[in-house]
Structure formats: C-alpha cells, structure tokens
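Text of input_37.csv (CSV, C-alpha atoms) as supplied:
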chain,number,residue,atom,x,y,z
A,1,MET,CA,-6.5,8.9,1.5
A,2,SER,CA,-8.0,5.9,3.3
A,3,GLU,CA,-6.6,2.4,3.1
A,4,GLU,CA,-9.6,1.4,0.9
A,5,GLU,CA,-9.2,4.3,-1.5
A,6,LEU,CA,-5.5,3.6,-1.7
A,7,VAL,CA,-6.0,-0.1,-2.6
A,8,LYS,CA,-8.7,0.8,-5.1
A,9,ARG,CA,-6.5,3.3,-6.9
A,10,ILE,CA,-3.5,0.9,-6.9
A,11,ASN,CA,-5.8,-1.8,-8.4
A,12,PHE,CA,-7.2,0.6,-11.0
A,13,LEU,CA,-3.7,1.7,-12.2
A,14,SER,CA,-2.6,-2.0,-12.3
A,15,LYS,CA,-5.6,-2.9,-14.4
A,16,LYS,CA,-5.1,0.1,-16.7
A,17,SER,CA,-1.4,-0.8,-17.0
A,18,LYS,CA,-2.2,-4.3,-18.3
A,19,GLN,CA,-5.0,-3.1,-20.7
A,20,GLU,CA,-3.7,0.0,-22.3
A,21,GLY,CA,-0.5,1.1,-20.5
A,22,LEU,CA,0.3,4.1,-18.3
A,23,ASN,CA,1.8,7.5,-19.0
A,24,ASP,CA,4.8,8.7,-17.1
A,25,ILE,CA,2.7,10.6,-14.5
A,26,GLU,CA,0.6,7.5,-13.8
A,27,LYS,CA,3.6,5.3,-13.5
A,28,GLN,CA,5.1,7.6,-10.9
A,29,GLU,CA,1.7,7.8,-9.1
A,30,GLN,CA,1.5,4.0,-9.1
A,31,LYS,CA,5.1,3.7,-7.7
A,32,ASN,CA,4.3,6.3,-5.0
A,33,LEU,CA,1.0,4.6,-4.0
A,34,ARG,CA,2.6,1.2,-3.8
A,35,GLN,CA,5.3,2.6,-1.6
A,36,GLU,CA,2.7,4.3,0.6
A,37,TYR,CA,0.8,1.0,1.0
A,38,VAL,CA,4.0,-0.9,1.9
A,39,ASN,CA,4.9,1.8,4.5
A,40,ARG,CA,1.5,1.7,6.1
A,41,PHE,CA,1.7,-2.1,6.2
A,42,LYS,CA,5.1,-2.0,7.9
A,43,ASN,CA,3.9,0.5,10.4
A,44,ASN,CA,0.8,-1.5,11.2
A,45,LEU,CA,2.8,-4.7,11.7
A,46,ARG,CA,5.4,-2.8,13.8
A,47,GLN,CA,2.6,-1.5,16.1
A,48,GLN,CA,1.1,-5.0,16.4
A,49,LEU,CA,4.5,-6.4,17.3
A,50,ASP,CA,5.2,-3.7,19.8
A,51,ASN,CA,1.9,-4.6,21.6
A,52,ILE,CA,2.8,-8.3,22.0
A,53,LYS,CA,3.8,-9.2,25.5
A,54,ILE,CA,5.5,-12.5,26.2
A,55,GLN,CA,4.4,-14.3,29.4
A,56,LYS,CA,6.6,-16.7,31.2
A,57,ASN,CA,4.9,-19.6,33.0

structure tokens encoding of this file:
Amino acid sequence: MSEEELVKRINFLSKKSKQEGLNDIEKQEQKNLRQEYVNRFKNNLRQQLDNIKIQKN
C-alpha cells in the first residue's frame, strides 16, 4: 500500500468513526494502519538523520 493510499484509508476510517462508528474489524484495521504510518514515518526520519553529515569549520 502506498503512503497516499494509507493516509486516505486512515482518514476514511477516522471520518466513519466520528459519523457512525466502527465495528471491531475496522477498529483493528485503523489501529494497524496508524501503527504502519508511524513506523514508516520513524524509518523515513531515521534515514534522513543517518544521511546528515556534520562539517567542522
């Protein structure tokens, strides 16, 4: 699942949760998708930080 699809699905479940509620399967899916998003974000940040080089003058 691409990042864009992941965010769209998370947003859809969030909106549905506020409007009509989620069943147990959807709640678990929402929890899993949010965790996947957080993991991707952390990995991306970690990669960016690993590529930073400090230069001394």

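Comparing A:Gln55, A:Gln30, A:Asn44, A:Asn39 by their smallest distance to Arg9 of chain A, the closest is A:Gln30 (using all atoms listed in the file).
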
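Take the candidates A:Asn43, A:Gln48, A:Lys53, A:Glu29 and check each one against Leu6 of chain A using all atoms listed in the file; the shortest distance goes to A:Glu29.
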
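What separates atom CA of Lys42 of chain A from atom CA of Ile54 of chain A is a distance of 21.1 Å.
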
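Taking atom CA of Glu4 of chain A and atom CA of Gln19 of chain A as the two end points, the separation is 22.5 Å.
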
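Relative to atom CA of Glu3 of chain A, atom CA of Ile25 of chain A is found at 21.5 Å.
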
Could you pull the residues within 12 Å of Ser14 of chain A, counting all atoms listed in the file, minus those fewer than 2 positions along the same chain, as a list in words?
Val7, Lys8, Arg9, Ile10, Asn11, Phe12, Lys16, Ser17, Lys18, Gln19, Glu20, Gly21, Leu22, Glu26, Lys27, Glu29, Gln30, Lys31, Leu33 and Arg34 of chain A

Add whatever atoms are absent from segment 7-43 of chain A to reach N, CA and C atoms, and provide the output as a PDB file, in the frame of the given file.
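Ended up saving to rebuild_9.pdb:
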ATOM      1  N   VAL A   7      -6.005   1.247  -1.956  1.00  0.00           N
ATOM      2  CA  VAL A   7      -6.000  -0.100  -2.600  1.00  0.00           C
ATOM      3  C   VAL A   7      -6.813   0.012  -3.934  1.00  0.00           C
ATOM      4  N   LYS A   8      -7.946   0.702  -3.921  1.00  0.00           N
ATOM      5  CA  LYS A   8      -8.700   0.800  -5.100  1.00  0.00           C
ATOM      6  C   LYS A   8      -7.957   1.535  -6.249  1.00  0.00           C
ATOM      7  N   ARG A   9      -7.242   2.592  -5.894  1.00  0.00           N
ATOM      8  CA  ARG A   9      -6.500   3.300  -6.900  1.00  0.00           C
ATOM      9  C   ARG A   9      -5.297   2.492  -7.412  1.00  0.00           C
ATOM     10  N   ILE A  10      -4.628   1.777  -6.517  1.00  0.00           N
ATOM     11  CA  ILE A  10      -3.500   0.900  -6.900  1.00  0.00           C
ATOM     12  C   ILE A  10      -4.064  -0.163  -7.905  1.00  0.00           C
ATOM     13  N   ASN A  11      -5.200  -0.757  -7.572  1.00  0.00           N
ATOM     14  CA  ASN A  11      -5.800  -1.800  -8.400  1.00  0.00           C
ATOM     15  C   ASN A  11      -6.225  -1.210  -9.780  1.00  0.00           C
ATOM     16  N   PHE A  12      -6.792  -0.009  -9.749  1.00  0.00           N
ATOM     17  CA  PHE A  12      -7.200   0.600 -11.000  1.00  0.00           C
ATOM     18  C   PHE A  12      -5.998   0.864 -11.908  1.00  0.00           C
ATOM     19  N   LEU A  13      -4.916   1.397 -11.351  1.00  0.00           N
ATOM     20  CA  LEU A  13      -3.700   1.700 -12.200  1.00  0.00           C
ATOM     21  C   LEU A  13      -3.096   0.372 -12.666  1.00  0.00           C
ATOM     22  N   SER A  14      -3.143  -0.668 -11.860  1.00  0.00           N
ATOM     23  CA  SER A  14      -2.600  -2.000 -12.300  1.00  0.00           C
ATOM     24  C   SER A  14      -3.397  -2.518 -13.464  1.00  0.00           C
ATOM     25  N   LYS A  15      -4.721  -2.457 -13.368  1.00  0.00           N
ATOM     26  CA  LYS A  15      -5.600  -2.900 -14.400  1.00  0.00           C
ATOM     27  C   LYS A  15      -5.369  -2.122 -15.722  1.00  0.00           C
ATOM     28  N   LYS A  16      -5.289  -0.808 -15.563  1.00  0.00           N
ATOM     29  CA  LYS A  16      -5.100   0.100 -16.700  1.00  0.00           C
ATOM     30  C   LYS A  16      -3.720  -0.211 -17.361  1.00  0.00           C
ATOM     31  N   SER A  17      -2.720  -0.468 -16.526  1.00  0.00           N
ATOM     32  CA  SER A  17      -1.400  -0.800 -17.000  1.00  0.00           C
ATOM     33  C   SER A  17      -1.395  -2.005 -17.923  1.00  0.00           C
ATOM     34  N   LYS A  18      -2.148  -3.013 -17.508  1.00  0.00           N
ATOM     35  CA  LYS A  18      -2.200  -4.300 -18.300  1.00  0.00           C
ATOM     36  C   LYS A  18      -3.032  -4.088 -19.556  1.00  0.00           C
ATOM     37  N   GLN A  19      -4.057  -3.250 -19.514  1.00  0.00           N
ATOM     38  CA  GLN A  19      -5.000  -3.100 -20.700  1.00  0.00           C
ATOM     39  C   GLN A  19      -4.446  -2.153 -21.718  1.00  0.00           C
ATOM     40  N   GLU A  20      -4.021  -0.977 -21.287  1.00  0.00           N
ATOM     41  CA  GLU A  20      -3.700   0.000 -22.300  1.00  0.00           C
ATOM     42  C   GLU A  20      -2.355   0.756 -21.997  1.00  0.00           C
ATOM     43  N   GLY A  21      -1.753   0.480 -20.852  1.00  0.00           N
ATOM     44  CA  GLY A  21      -0.500   1.100 -20.500  1.00  0.00           C
ATOM     45  C   GLY A  21      -0.719   2.418 -19.726  1.00  0.00           C
ATOM     46  N   LEU A  22       0.330   2.867 -19.073  1.00  0.00           N
ATOM     47  CA  LEU A  22       0.300   4.100 -18.300  1.00  0.00           C
ATOM     48  C   LEU A  22       1.229   5.127 -18.836  1.00  0.00           C
ATOM     49  N   ASN A  23       0.861   6.393 -18.654  1.00  0.00           N
ATOM     50  CA  ASN A  23       1.800   7.500 -19.000  1.00  0.00           C
ATOM     51  C   ASN A  23       2.786   7.644 -17.866  1.00  0.00           C
ATOM     52  N   ASP A  24       3.763   8.503 -18.061  1.00  0.00           N
ATOM     53  CA  ASP A  24       4.800   8.700 -17.100  1.00  0.00           C
ATOM     54  C   ASP A  24       4.279   9.164 -15.716  1.00  0.00           C
ATOM     55  N   ILE A  25       3.299  10.047 -15.755  1.00  0.00           N
ATOM     56  CA  ILE A  25       2.700  10.600 -14.500  1.00  0.00           C
ATOM     57  C   ILE A  25       2.008   9.458 -13.745  1.00  0.00           C
ATOM     58  N   GLU A  26       1.267   8.628 -14.468  1.00  0.00           N
ATOM     59  CA  GLU A  26       0.600   7.500 -13.800  1.00  0.00           C
ATOM     60  C   GLU A  26       1.519   6.468 -13.289  1.00  0.00           C
ATOM     61  N   LYS A  27       2.603   6.227 -14.010  1.00  0.00           N
ATOM     62  CA  LYS A  27       3.600   5.300 -13.500  1.00  0.00           C
ATOM     63  C   LYS A  27       4.221   5.770 -12.212  1.00  0.00           C
ATOM     64  N   GLN A  28       4.505   7.056 -12.138  1.00  0.00           N
ATOM     65  CA  GLN A  28       5.100   7.600 -10.900  1.00  0.00           C
ATOM     66  C   GLN A  28       4.044   7.560  -9.779  1.00  0.00           C
ATOM     67  N   GLU A  29       2.776   7.858 -10.094  1.00  0.00           N
ATOM     68  CA  GLU A  29       1.700   7.800  -9.100  1.00  0.00           C
ATOM     69  C   GLU A  29       1.596   6.341  -8.570  1.00  0.00           C
ATOM     70  N   GLN A  30       1.628   5.375  -9.479  1.00  0.00           N
ATOM     71  CA  GLN A  30       1.500   4.000  -9.100  1.00  0.00           C
ATOM     72  C   GLN A  30       2.684   3.584  -8.161  1.00  0.00           C
ATOM     73  N   LYS A  31       3.871   4.018  -8.511  1.00  0.00           N
ATOM     74  CA  LYS A  31       5.100   3.700  -7.700  1.00  0.00           C
ATOM     75  C   LYS A  31       4.892   4.353  -6.297  1.00  0.00           C
ATOM     76  N   ASN A  32       4.442   5.602  -6.237  1.00  0.00           N
ATOM     77  CA  ASN A  32       4.300   6.300  -5.000  1.00  0.00           C
ATOM     78  C   ASN A  32       3.177   5.634  -4.108  1.00  0.00           C
ATOM     79  N   LEU A  33       2.067   5.262  -4.743  1.00  0.00           N
ATOM     80  CA  LEU A  33       1.000   4.600  -4.000  1.00  0.00           C
ATOM     81  C   LEU A  33       1.387   3.275  -3.454  1.00  0.00           C
ATOM     82  N   ARG A  34       2.110   2.501  -4.249  1.00  0.00           N
ATOM     83  CA  ARG A  34       2.600   1.200  -3.800  1.00  0.00           C
ATOM     84  C   ARG A  34       3.530   1.375  -2.582  1.00  0.00           C
ATOM     85  N   GLN A  35       4.415   2.359  -2.656  1.00  0.00           N
ATOM     86  CA  GLN A  35       5.300   2.600  -1.600  1.00  0.00           C
ATOM     87  C   GLN A  35       4.578   3.047  -0.304  1.00  0.00           C
ATOM     88  N   GLU A  36       3.563   3.879  -0.480  1.00  0.00           N
ATOM     89  CA  GLU A  36       2.700   4.300   0.600  1.00  0.00           C
ATOM     90  C   GLU A  36       2.034   3.106   1.283  1.00  0.00           C
ATOM     91  N   TYR A  37       1.519   2.196   0.458  1.00  0.00           N
ATOM     92  CA  TYR A  37       0.800   1.000   1.000  1.00  0.00           C
ATOM     93  C   TYR A  37       1.835   0.149   1.778  1.00  0.00           C
ATOM     94  N   VAL A  38       3.031  -0.056   1.242  1.00  0.00           N
ATOM     95  CA  VAL A  38       4.000  -0.900   1.900  1.00  0.00           C
ATOM     96  C   VAL A  38       4.428  -0.189   3.262  1.00  0.00           C
ATOM     97  N   ASN A  39       4.589   1.127   3.256  1.00  0.00           N
ATOM     98  CA  ASN A  39       4.900   1.800   4.500  1.00  0.00           C
ATOM     99  C   ASN A  39       3.842   1.697   5.541  1.00  0.00           C
ATOM    100  N   ARG A  40       2.594   1.825   5.118  1.00  0.00           N
ATOM    101  CA  ARG A  40       1.500   1.700   6.100  1.00  0.00           C
ATOM    102  C   ARG A  40       1.440   0.248   6.618  1.00  0.00           C
ATOM    103  N   PHE A  41       1.663  -0.736   5.752  1.00  0.00           N
ATOM    104  CA  PHE A  41       1.700  -2.100   6.200  1.00  0.00           C
ATOM    105  C   PHE A  41       2.764  -2.374   7.213  1.00  0.00           C
ATOM    106  N   LYS A  42       3.956  -1.882   6.936  1.00  0.00           N
ATOM    107  CA  LYS A  42       5.100  -2.000   7.900  1.00  0.00           C
ATOM    108  C   LYS A  42       4.794  -1.382   9.208  1.00  0.00           C
ATOM    109  N   ASN A  43       4.256  -0.171   9.162  1.00  0.00           N
ATOM    110  CA  ASN A  43       3.900   0.500  10.400  1.00  0.00           C
ATOM    111  C   ASN A  43       2.891  -0.189  11.212  1.00  0.00           C
TER     112      ASN A  43
END
